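Notes for the one structure printed next.
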Amino acid sequence: MVFGKEVIEVATFRGHHGASPQEENKKNRTADQDEHGQLVRDNVYGSIEEDAERRDFTANALYYNIADFAIYDFANGVDDINAGILRMIGDPEVRYREDPVRMLRAVRFATKLNMQMDNSVSGPLKELAPLLINIPPARLFDEFLKMFMSGKAEANFLMMKDFGLFQQLFPMLKDYVADEQSPAYQMMLKAFKDTDRRIAEEQRVTPAYLIAVLLWWPLQARREQLENEGGLPPMDALNVAAADVIHRQSQRVSLPKRFSLPARDIWQLQRRLNITKGVRAQKVLEHKRFRAAYDFLLLRSYAENSDKKLAGLAEHWSKAQDNPAQLKSSKPEAGSGRRKPRRRRGPRRKPQENKGNDAT
């Protein structure tokens, strides 16, 4: 429901999912749990009181009645909000097992509302983090957007990493986030900071850029393997590596093509940015993803601050945007110059026989 500029989520009241002994053998039972305690089917309707008991956090169990403009608080949620404490309704471990996404919601609520997790809320997170592998990849992509595209990307990243949740969403990055001084870690952290800053300044952000950042280092590792062990040419190795890492990541967090394809463009342009003069350099500047690729180059230069070549490229393309004429080369690029047209020869003629009269 839209109210002014705000989107208000409206949900049907739900009842308790646990079936009574009399209902255990009924074929029309509407709630089921798997062996981990996760709800795999839950379609039980109930009263407002039952719905409040099913909510995850006390701060999320408040109801607004448009009839009398009153807030109904069934779990002392207002007191917890005022105290800045994020508290779970019921046993946190049981509630996390029912829906492991609640672990991500705990982090998001804590950072968004500037609240401190109750010990019972934060305690089970590290142990239960692996339960996220049971969540459909498409649903985890929705959570990825909420976590990293809402202005709290840096805080969410740091808290998720500490609780082992980030590593479950991005298993290929487990080793990279273990070393906080590594270029990979610094690159990710800076990207999250920049995303938060752009959102605060009401500038455009896209998940494609973050996808390109997060998978850059696994991409490089796979590309080098394909070049060194597989003997593939550099561009072929890059394309195969890109397909591999996107496929592997999509097994855990779905990556829609509308975002994964632009991420691949950003990766491919990193090679083309090495060409600094001539027609091909001008075409890079005119590419629709140039700005994203340029920002990505600056980010790489920041993370790999000891790489003078990267710093030089970043400076070159920074100046080129203000003065595109400097991309023109006085010499034709290798392979780009036009060859002189070859003279077309006609068919070879056979030598004519001497048809003159013989002298007598």
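Residues are referred to by chain and number: the chain letter is A, B, ... according to the order shown in the structure tokens, the number counts from 1 in that chain, and ligands are numbered separately from 1 in the order shown.
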
> Leaving out Ile246 of chain A and any residue of its chain fewer than 6 positions from it, which residues lie within 8 Å of it when counting only C-alpha atoms, given as an NGL selection string?
Replying inline: :A and (215 or 255 or 260)

Selected residues written out with all heavy atoms, as a PDB file, in the first residue's frame:
```pdb
ATOM      1  N   LEU A 215      33.102 -10.288  -6.682  1.00  0.00           N
ATOM      2  CA  LEU A 215      33.589 -11.482  -7.371  1.00  0.00           C
ATOM      3  C   LEU A 215      34.898 -11.230  -8.127  1.00  0.00           C
ATOM      4  O   LEU A 215      35.389 -12.140  -8.805  1.00  0.00           O
ATOM      5  CB  LEU A 215      32.518 -12.004  -8.341  1.00  0.00           C
ATOM      6  CG  LEU A 215      31.195 -12.443  -7.700  1.00  0.00           C
ATOM      7  CD1 LEU A 215      30.261 -13.017  -8.761  1.00  0.00           C
ATOM      8  CD2 LEU A 215      31.425 -13.460  -6.592  1.00  0.00           C
ATOM      9  N   LEU A 255      21.982 -14.365  -9.095  1.00  0.00           N
ATOM     10  CA  LEU A 255      22.461 -13.147  -9.738  1.00  0.00           C
ATOM     11  C   LEU A 255      21.733 -12.978 -11.067  1.00  0.00           C
ATOM     12  O   LEU A 255      22.122 -13.568 -12.071  1.00  0.00           O
ATOM     13  CB  LEU A 255      23.977 -13.216  -9.974  1.00  0.00           C
ATOM     14  CG  LEU A 255      24.853 -13.409  -8.734  1.00  0.00           C
ATOM     15  CD1 LEU A 255      26.317 -13.494  -9.131  1.00  0.00           C
ATOM     16  CD2 LEU A 255      24.637 -12.284  -7.719  1.00  0.00           C
ATOM     17  N   SER A 260      24.271  -9.351 -13.683  1.00  0.00           N
ATOM     18  CA  SER A 260      25.518 -10.096 -13.918  1.00  0.00           C
ATOM     19  C   SER A 260      26.159  -9.713 -15.254  1.00  0.00           C
ATOM     20  O   SER A 260      27.390  -9.678 -15.370  1.00  0.00           O
ATOM     21  CB  SER A 260      25.267 -11.604 -13.861  1.00  0.00           C
ATOM     22  OG  SER A 260      24.394 -12.033 -14.892  1.00  0.00           O
TER      23      SER A 260
END
```

Check the DSSP output for the backbone and give back, as a compact mmCIF listing (two decimals) with N, CA and C atoms, in the first residue's frame, the residues of segment 158-286 of chain A in helix (DSSP H, G or I).
```txt
# COMPACT_ATOMS: atom_id res chain seq x y z
N LEU A 158 30.22 -5.54 8.00
CA LEU A 158 31.09 -5.80 9.15
C LEU A 158 30.41 -6.72 10.17
N MET A 159 29.13 -6.49 10.43
CA MET A 159 28.43 -7.32 11.40
C MET A 159 28.18 -8.72 10.86
N MET A 160 27.82 -8.81 9.59
CA MET A 160 27.61 -10.12 8.98
C MET A 160 28.90 -10.94 8.99
N LYS A 161 30.01 -10.28 8.68
CA LYS A 161 31.30 -10.97 8.67
C LYS A 161 31.64 -11.51 10.07
N ASP A 162 31.42 -10.69 11.10
CA ASP A 162 31.75 -11.10 12.46
C ASP A 162 30.93 -12.31 12.91
N LEU A 165 27.91 -14.73 8.75
CA LEU A 165 26.77 -14.75 7.84
C LEU A 165 27.18 -14.37 6.42
N PHE A 166 28.07 -13.40 6.30
CA PHE A 166 28.52 -12.97 4.97
C PHE A 166 29.20 -14.12 4.24
N GLN A 167 29.98 -14.91 4.98
CA GLN A 167 30.69 -16.03 4.37
C GLN A 167 29.74 -17.10 3.86
N GLN A 168 28.54 -17.18 4.44
CA GLN A 168 27.55 -18.14 3.95
C GLN A 168 26.92 -17.66 2.65
N LEU A 169 26.75 -16.36 2.51
CA LEU A 169 26.18 -15.83 1.27
C LEU A 169 27.20 -15.82 0.15
N PRO A 171 30.46 -17.79 -0.28
CA PRO A 171 31.46 -18.76 0.18
C PRO A 171 32.81 -18.62 -0.50
N MET A 172 32.85 -18.12 -1.75
CA MET A 172 34.13 -17.94 -2.43
C MET A 172 34.98 -16.84 -1.80
N LEU A 173 34.37 -16.01 -0.94
CA LEU A 173 35.09 -14.90 -0.33
C LEU A 173 35.54 -15.19 1.09
N LYS A 174 35.33 -16.41 1.54
CA LYS A 174 35.65 -16.75 2.93
C LYS A 174 37.09 -16.44 3.27
N ASP A 175 38.03 -16.86 2.45
CA ASP A 175 39.45 -16.63 2.73
C ASP A 175 39.82 -15.16 2.56
N TYR A 176 39.17 -14.47 1.65
CA TYR A 176 39.52 -13.07 1.39
C TYR A 176 39.13 -12.16 2.55
N VAL A 177 37.98 -12.42 3.19
CA VAL A 177 37.55 -11.55 4.29
C VAL A 177 38.23 -11.90 5.60
N ALA A 178 38.99 -13.00 5.60
CA ALA A 178 39.69 -13.40 6.83
C ALA A 178 40.86 -12.47 7.12
N PRO A 183 44.29 -6.58 0.00
CA PRO A 183 43.66 -5.70 -0.98
C PRO A 183 42.19 -6.06 -1.24
N ALA A 184 41.89 -7.36 -1.24
CA ALA A 184 40.51 -7.80 -1.50
C ALA A 184 39.57 -7.25 -0.44
N TYR A 185 39.95 -7.38 0.81
CA TYR A 185 39.10 -6.90 1.91
C TYR A 185 38.95 -5.38 1.84
N GLN A 186 40.06 -4.68 1.62
CA GLN A 186 40.01 -3.22 1.56
C GLN A 186 39.16 -2.74 0.38
N MET A 187 39.22 -3.48 -0.71
CA MET A 187 38.44 -3.12 -1.89
C MET A 187 36.94 -3.26 -1.61
N MET A 188 36.56 -4.36 -0.97
CA MET A 188 35.15 -4.57 -0.63
C MET A 188 34.66 -3.52 0.35
N LEU A 189 35.45 -3.26 1.39
CA LEU A 189 35.04 -2.30 2.41
C LEU A 189 34.86 -0.91 1.82
N LYS A 190 35.80 -0.52 0.95
CA LYS A 190 35.69 0.80 0.31
C LYS A 190 34.47 0.87 -0.60
N ALA A 191 34.17 -0.22 -1.29
CA ALA A 191 32.99 -0.23 -2.18
C ALA A 191 31.71 -0.06 -1.38
N PHE A 192 31.62 -0.70 -0.22
CA PHE A 192 30.43 -0.56 0.63
C PHE A 192 30.32 0.87 1.17
N LYS A 193 31.46 1.45 1.56
CA LYS A 193 31.45 2.84 2.04
C LYS A 193 30.98 3.78 0.94
N ASP A 194 31.52 3.59 -0.26
CA ASP A 194 31.14 4.45 -1.38
C ASP A 194 29.66 4.31 -1.72
N THR A 195 29.14 3.10 -1.63
CA THR A 195 27.72 2.87 -1.91
C THR A 195 26.85 3.62 -0.90
N ASP A 196 27.22 3.55 0.37
CA ASP A 196 26.46 4.28 1.40
C ASP A 196 26.52 5.78 1.16
N ARG A 197 27.69 6.27 0.76
CA ARG A 197 27.84 7.71 0.52
C ARG A 197 26.97 8.14 -0.67
N ARG A 198 26.96 7.36 -1.73
CA ARG A 198 26.18 7.72 -2.91
C ARG A 198 24.69 7.71 -2.59
N ILE A 199 24.25 6.75 -1.80
CA ILE A 199 22.83 6.70 -1.42
C ILE A 199 22.48 7.91 -0.57
N ALA A 200 23.37 8.29 0.36
CA ALA A 200 23.12 9.45 1.20
C ALA A 200 23.05 10.73 0.37
N PRO A 207 23.31 -2.79 -8.20
CA PRO A 207 23.88 -4.04 -7.68
C PRO A 207 24.98 -4.61 -8.58
N ALA A 208 24.94 -4.29 -9.88
CA ALA A 208 25.94 -4.82 -10.82
C ALA A 208 27.35 -4.42 -10.39
N TYR A 209 27.51 -3.19 -9.91
CA TYR A 209 28.83 -2.72 -9.51
C TYR A 209 29.33 -3.51 -8.30
N LEU A 210 28.48 -3.72 -7.30
CA LEU A 210 28.89 -4.48 -6.12
C LEU A 210 29.18 -5.94 -6.48
N ILE A 211 28.40 -6.50 -7.39
CA ILE A 211 28.66 -7.88 -7.84
C ILE A 211 30.04 -7.95 -8.47
N ALA A 212 30.37 -6.95 -9.30
CA ALA A 212 31.68 -6.93 -9.94
C ALA A 212 32.80 -6.83 -8.91
N VAL A 213 32.59 -6.04 -7.86
CA VAL A 213 33.60 -5.88 -6.81
C VAL A 213 33.77 -7.18 -6.02
N LEU A 214 32.66 -7.76 -5.59
CA LEU A 214 32.72 -8.93 -4.71
C LEU A 214 33.34 -10.14 -5.39
N TRP A 216 35.47 -10.05 -8.01
CA TRP A 216 36.67 -9.71 -8.76
C TRP A 216 37.85 -10.63 -8.41
N TRP A 217 38.07 -10.87 -7.15
CA TRP A 217 39.22 -11.66 -6.75
C TRP A 217 39.06 -13.15 -7.07
N PRO A 218 37.90 -13.75 -6.81
CA PRO A 218 37.71 -15.13 -7.31
C PRO A 218 37.83 -15.21 -8.83
N LEU A 219 37.39 -14.17 -9.52
CA LEU A 219 37.52 -14.12 -10.98
C LEU A 219 38.99 -14.16 -11.39
N GLN A 220 39.82 -13.36 -10.72
CA GLN A 220 41.24 -13.32 -11.07
C GLN A 220 41.93 -14.67 -10.81
N ALA A 221 41.57 -15.29 -9.69
CA ALA A 221 42.16 -16.59 -9.37
C ALA A 221 41.80 -17.63 -10.42
N ARG A 222 40.54 -17.64 -10.83
CA ARG A 222 40.09 -18.60 -11.84
C ARG A 222 40.70 -18.29 -13.20
N ARG A 223 40.81 -17.01 -13.55
CA ARG A 223 41.38 -16.62 -14.84
C ARG A 223 42.85 -17.05 -14.93
N GLU A 224 43.61 -16.80 -13.87
CA GLU A 224 45.01 -17.20 -13.88
C GLU A 224 45.16 -18.72 -13.99
N GLN A 225 44.26 -19.44 -13.36
CA GLN A 225 44.30 -20.90 -13.46
C GLN A 225 44.05 -21.35 -14.89
N LEU A 226 43.09 -20.74 -15.55
CA LEU A 226 42.76 -21.11 -16.93
C LEU A 226 43.89 -20.74 -17.88
N GLU A 227 44.58 -19.63 -17.61
CA GLU A 227 45.69 -19.23 -18.47
C GLU A 227 46.91 -20.12 -18.26
N ASN A 228 47.26 -20.36 -16.98
CA ASN A 228 48.49 -21.08 -16.67
C ASN A 228 48.37 -22.59 -16.85
N PRO A 234 44.32 -14.82 -22.93
CA PRO A 234 43.82 -13.97 -21.84
C PRO A 234 42.33 -13.64 -21.92
N MET A 235 41.84 -13.21 -23.08
CA MET A 235 40.43 -12.83 -23.17
C MET A 235 39.51 -14.04 -23.04
N ASP A 236 39.89 -15.16 -23.64
CA ASP A 236 39.09 -16.38 -23.49
C ASP A 236 39.07 -16.83 -22.04
N ALA A 237 40.22 -16.73 -21.37
CA ALA A 237 40.30 -17.12 -19.95
C ALA A 237 39.41 -16.23 -19.10
N LEU A 238 39.38 -14.94 -19.42
CA LEU A 238 38.53 -14.00 -18.67
C LEU A 238 37.06 -14.35 -18.84
N ASN A 239 36.64 -14.62 -20.06
CA ASN A 239 35.22 -14.91 -20.32
C ASN A 239 34.79 -16.23 -19.67
N VAL A 240 35.63 -17.24 -19.75
CA VAL A 240 35.30 -18.52 -19.12
C VAL A 240 35.27 -18.38 -17.59
N ALA A 241 36.24 -17.65 -17.05
CA ALA A 241 36.30 -17.44 -15.60
C ALA A 241 35.07 -16.68 -15.12
N ALA A 242 34.64 -15.67 -15.89
CA ALA A 242 33.46 -14.89 -15.52
C ALA A 242 32.22 -15.78 -15.45
N ALA A 243 32.06 -16.63 -16.45
CA ALA A 243 30.91 -17.55 -16.45
C ALA A 243 30.98 -18.51 -15.27
N ASP A 244 32.18 -18.97 -14.95
CA ASP A 244 32.34 -19.93 -13.85
C ASP A 244 31.98 -19.31 -12.50
N VAL A 245 32.54 -18.13 -12.19
CA VAL A 245 32.32 -17.56 -10.86
C VAL A 245 30.87 -17.09 -10.69
N ILE A 246 30.27 -16.60 -11.75
CA ILE A 246 28.86 -16.19 -11.66
C ILE A 246 27.97 -17.40 -11.44
N HIS A 247 28.28 -18.50 -12.14
CA HIS A 247 27.49 -19.72 -11.95
C HIS A 247 27.64 -20.25 -10.52
N ARG A 248 28.86 -20.29 -10.02
CA ARG A 248 29.09 -20.80 -8.67
C ARG A 248 28.39 -19.93 -7.63
N GLN A 249 28.49 -18.61 -7.79
CA GLN A 249 27.85 -17.72 -6.82
C GLN A 249 26.34 -17.82 -6.87
N SER A 250 25.81 -18.04 -8.06
CA SER A 250 24.35 -18.13 -8.21
C SER A 250 23.76 -19.36 -7.54
N LYS A 257 20.51 -11.83 -14.69
CA LYS A 257 21.33 -11.40 -15.82
C LYS A 257 21.34 -9.90 -16.00
N ARG A 258 20.27 -9.23 -15.57
CA ARG A 258 20.25 -7.77 -15.72
C ARG A 258 21.33 -7.09 -14.88
N PHE A 259 21.91 -7.85 -13.93
CA PHE A 259 23.01 -7.33 -13.12
C PHE A 259 24.33 -8.05 -13.41
N SER A 260 24.27 -9.35 -13.68
CA SER A 260 25.52 -10.10 -13.92
C SER A 260 26.16 -9.71 -15.25
N LEU A 261 25.35 -9.42 -16.27
CA LEU A 261 25.91 -9.04 -17.57
C LEU A 261 26.64 -7.69 -17.50
N PRO A 262 26.07 -6.66 -16.86
CA PRO A 262 26.84 -5.42 -16.70
C PRO A 262 28.10 -5.62 -15.87
N ALA A 263 28.06 -6.51 -14.88
CA ALA A 263 29.27 -6.80 -14.10
C ALA A 263 30.36 -7.36 -15.00
N ARG A 264 29.98 -8.23 -15.93
CA ARG A 264 30.96 -8.79 -16.87
C ARG A 264 31.52 -7.71 -17.78
N ASP A 265 30.69 -6.74 -18.16
CA ASP A 265 31.18 -5.62 -18.98
C ASP A 265 32.26 -4.84 -18.22
N ILE A 266 32.02 -4.62 -16.94
CA ILE A 266 32.99 -3.89 -16.11
C ILE A 266 34.31 -4.63 -16.06
N TRP A 267 34.24 -5.96 -15.91
CA TRP A 267 35.47 -6.77 -15.87
C TRP A 267 36.22 -6.70 -17.21
N GLN A 268 35.49 -6.86 -18.29
CA GLN A 268 36.14 -6.87 -19.61
C GLN A 268 36.77 -5.51 -19.92
N LEU A 269 36.13 -4.43 -19.48
CA LEU A 269 36.67 -3.10 -19.74
C LEU A 269 37.97 -2.84 -18.98
N GLN A 270 38.21 -3.59 -17.90
CA GLN A 270 39.47 -3.39 -17.18
C GLN A 270 40.67 -3.71 -18.08
N ARG A 271 40.52 -4.68 -18.96
CA ARG A 271 41.58 -4.99 -19.93
C ARG A 271 41.68 -3.90 -20.99
N ARG A 272 40.55 -3.43 -21.44
CA ARG A 272 40.55 -2.43 -22.51
C ARG A 272 41.06 -1.08 -22.02
N VAL A 279 42.17 4.91 -31.66
CA VAL A 279 40.74 4.72 -31.89
C VAL A 279 40.12 3.82 -30.83
N ARG A 280 40.81 2.75 -30.47
CA ARG A 280 40.24 1.82 -29.49
C ARG A 280 40.10 2.46 -28.12
N ALA A 281 41.02 3.33 -27.77
CA ALA A 281 40.91 4.05 -26.49
C ALA A 281 39.71 5.00 -26.52
N GLN A 282 39.48 5.65 -27.65
CA GLN A 282 38.33 6.55 -27.77
C GLN A 282 37.02 5.78 -27.66
N LYS A 283 37.01 4.56 -28.22
CA LYS A 283 35.79 3.74 -28.13
C LYS A 283 35.52 3.32 -26.69
N VAL A 284 36.57 3.08 -25.93
CA VAL A 284 36.39 2.74 -24.51
C VAL A 284 35.75 3.91 -23.78
N LEU A 285 36.22 5.12 -24.06
CA LEU A 285 35.67 6.31 -23.42
C LEU A 285 34.20 6.51 -23.75
N GLU A 286 33.79 6.05 -24.93
CA GLU A 286 32.40 6.21 -25.36
C GLU A 286 31.51 5.04 -24.94
```

> So what do you get for atom CA of Phe148 of chain A versus atom CA of Phe170 of chain A, distance-wise?
Replying inline: 13.4 Å

> Hey, what's within 12 Å of segment 124-132 of chain A if we count only C-alpha atoms and toss same-chain stuff fewer than 5 positions away? As a PyMOL selection string, please?
Replying inline: chain A and resi 34-38+88+91-107+117-119+137+139-140+143+159-171+252-253

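In terms of minimum interatomic distance to Ile81 of chain A, A:Met115 ranks closest within A:Asp51, A:Phe109, A:Glu201, A:Met115, counting only C-alpha atoms.
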
All residues 12 Å or closer to Ala325 of chain A, only C-alpha atoms, same chain fewer than 2 positions away omitted, as a PDB file with N, CA, C and O atoms, in the first residue's frame:
```pdb
ATOM      1  N   THR A 276      45.608   3.093 -24.074  1.00  0.00           N
ATOM      2  CA  THR A 276      45.472   4.502 -23.693  1.00  0.00           C
ATOM      3  C   THR A 276      45.516   5.477 -24.866  1.00  0.00           C
ATOM      4  O   THR A 276      45.335   6.674 -24.661  1.00  0.00           O
ATOM      5  N   LYS A 277      45.769   4.998 -26.073  1.00  0.00           N
ATOM      6  CA  LYS A 277      45.849   5.891 -27.225  1.00  0.00           C
ATOM      7  C   LYS A 277      45.129   5.287 -28.422  1.00  0.00           C
ATOM      8  O   LYS A 277      45.009   4.067 -28.544  1.00  0.00           O
ATOM      9  N   GLY A 278      44.670   6.159 -29.291  1.00  0.00           N
ATOM     10  CA  GLY A 278      44.130   5.711 -30.562  1.00  0.00           C
ATOM     11  C   GLY A 278      42.629   5.485 -30.564  1.00  0.00           C
ATOM     12  O   GLY A 278      41.911   5.810 -29.621  1.00  0.00           O
ATOM     13  N   VAL A 279      42.172   4.906 -31.664  1.00  0.00           N
ATOM     14  CA  VAL A 279      40.738   4.716 -31.891  1.00  0.00           C
ATOM     15  C   VAL A 279      40.116   3.820 -30.827  1.00  0.00           C
ATOM     16  O   VAL A 279      39.023   4.095 -30.320  1.00  0.00           O
ATOM     17  N   ALA A 281      41.022   3.328 -27.766  1.00  0.00           N
ATOM     18  CA  ALA A 281      40.910   4.049 -26.490  1.00  0.00           C
ATOM     19  C   ALA A 281      39.715   5.000 -26.519  1.00  0.00           C
ATOM     20  O   ALA A 281      38.978   5.132 -25.527  1.00  0.00           O
ATOM     21  N   GLN A 282      39.479   5.651 -27.647  1.00  0.00           N
ATOM     22  CA  GLN A 282      38.331   6.545 -27.774  1.00  0.00           C
ATOM     23  C   GLN A 282      37.020   5.775 -27.665  1.00  0.00           C
ATOM     24  O   GLN A 282      36.044   6.253 -27.073  1.00  0.00           O
ATOM     25  N   LEU A 285      36.220   5.124 -24.055  1.00  0.00           N
ATOM     26  CA  LEU A 285      35.671   6.315 -23.416  1.00  0.00           C
ATOM     27  C   LEU A 285      34.198   6.507 -23.750  1.00  0.00           C
ATOM     28  O   LEU A 285      33.431   7.038 -22.944  1.00  0.00           O
ATOM     29  N   TRP A 317      43.074   8.109 -17.228  1.00  0.00           N
ATOM     30  CA  TRP A 317      41.663   8.147 -17.601  1.00  0.00           C
ATOM     31  C   TRP A 317      40.915   9.266 -16.881  1.00  0.00           C
ATOM     32  O   TRP A 317      39.879   9.731 -17.363  1.00  0.00           O
ATOM     33  N   LYS A 319      42.211  12.272 -16.531  1.00  0.00           N
ATOM     34  CA  LYS A 319      42.488  13.421 -17.403  1.00  0.00           C
ATOM     35  C   LYS A 319      41.784  13.282 -18.749  1.00  0.00           C
ATOM     36  O   LYS A 319      41.353  14.277 -19.341  1.00  0.00           O
ATOM     37  N   ALA A 320      41.677  12.058 -19.230  1.00  0.00           N
ATOM     38  CA  ALA A 320      41.081  11.835 -20.554  1.00  0.00           C
ATOM     39  C   ALA A 320      39.621  12.268 -20.610  1.00  0.00           C
ATOM     40  O   ALA A 320      39.131  12.682 -21.669  1.00  0.00           O
ATOM     41  N   GLN A 321      38.930  12.196 -19.489  1.00  0.00           N
ATOM     42  CA  GLN A 321      37.521  12.594 -19.482  1.00  0.00           C
ATOM     43  C   GLN A 321      37.363  14.099 -19.672  1.00  0.00           C
ATOM     44  O   GLN A 321      36.367  14.559 -20.230  1.00  0.00           O
ATOM     45  N   ASP A 322      38.346  14.868 -19.188  1.00  0.00           N
ATOM     46  CA  ASP A 322      38.314  16.323 -19.374  1.00  0.00           C
ATOM     47  C   ASP A 322      38.911  16.743 -20.715  1.00  0.00           C
ATOM     48  O   ASP A 322      38.570  17.800 -21.248  1.00  0.00           O
ATOM     49  N   ASN A 323      39.780  15.902 -21.231  1.00  0.00           N
ATOM     50  CA  ASN A 323      40.441  16.231 -22.496  1.00  0.00           C
ATOM     51  C   ASN A 323      40.537  14.985 -23.366  1.00  0.00           C
ATOM     52  O   ASN A 323      41.596  14.369 -23.489  1.00  0.00           O
ATOM     53  N   LEU A 327      43.632  11.270 -26.234  1.00  0.00           N
ATOM     54  CA  LEU A 327      43.600   9.855 -26.599  1.00  0.00           C
ATOM     55  C   LEU A 327      44.036   9.636 -28.035  1.00  0.00           C
ATOM     56  O   LEU A 327      44.339   8.503 -28.428  1.00  0.00           O
ATOM     57  N   LYS A 328      44.070  10.719 -28.838  1.00  0.00           N
ATOM     58  CA  LYS A 328      44.473  10.577 -30.227  1.00  0.00           C
ATOM     59  C   LYS A 328      45.959  10.289 -30.307  1.00  0.00           C
ATOM     60  O   LYS A 328      46.759  10.850 -29.571  1.00  0.00           O
ATOM     61  N   SER A 329      46.282   9.401 -31.198  1.00  0.00           N
ATOM     62  CA  SER A 329      47.681   9.007 -31.361  1.00  0.00           C
ATOM     63  C   SER A 329      48.216   9.534 -32.680  1.00  0.00           C
ATOM     64  O   SER A 329      47.509   9.543 -33.686  1.00  0.00           O
ATOM     65  N   SER A 330      49.481   9.989 -32.638  1.00  0.00           N
ATOM     66  CA  SER A 330      50.088  10.461 -33.877  1.00  0.00           C
ATOM     67  C   SER A 330      50.439   9.311 -34.805  1.00  0.00           C
ATOM     68  O   SER A 330      50.617   9.477 -35.996  1.00  0.00           O
TER      69      SER A 330
END
```

>> I need the strand (DSSP E or B) residues of segment 40-288 of chain A per DSSP on the backbone, written as an NGL selection string.
In response: :A and (40-42 or 45 or 57 or 62-65 or 70-73 or 85-86 or 88 or 116-117)

>> Would you compute the distance between atom CA of Glu202 of chain A and atom CA of Glu6 of chain A? Give it in Å to one decimal.
In response: 16.4 Å

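Distance check against Ile8 of chain A using only C-alpha atoms: of A:Tyr64, A:Val205, A:Gly312, A:Phe69, the minimum falls on A:Tyr64.
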
> In Å to one decimal, how far is atom CA of Thr206 of chain A from atom CA of Ala153 of chain A?
Replying inline: 12.8 Å
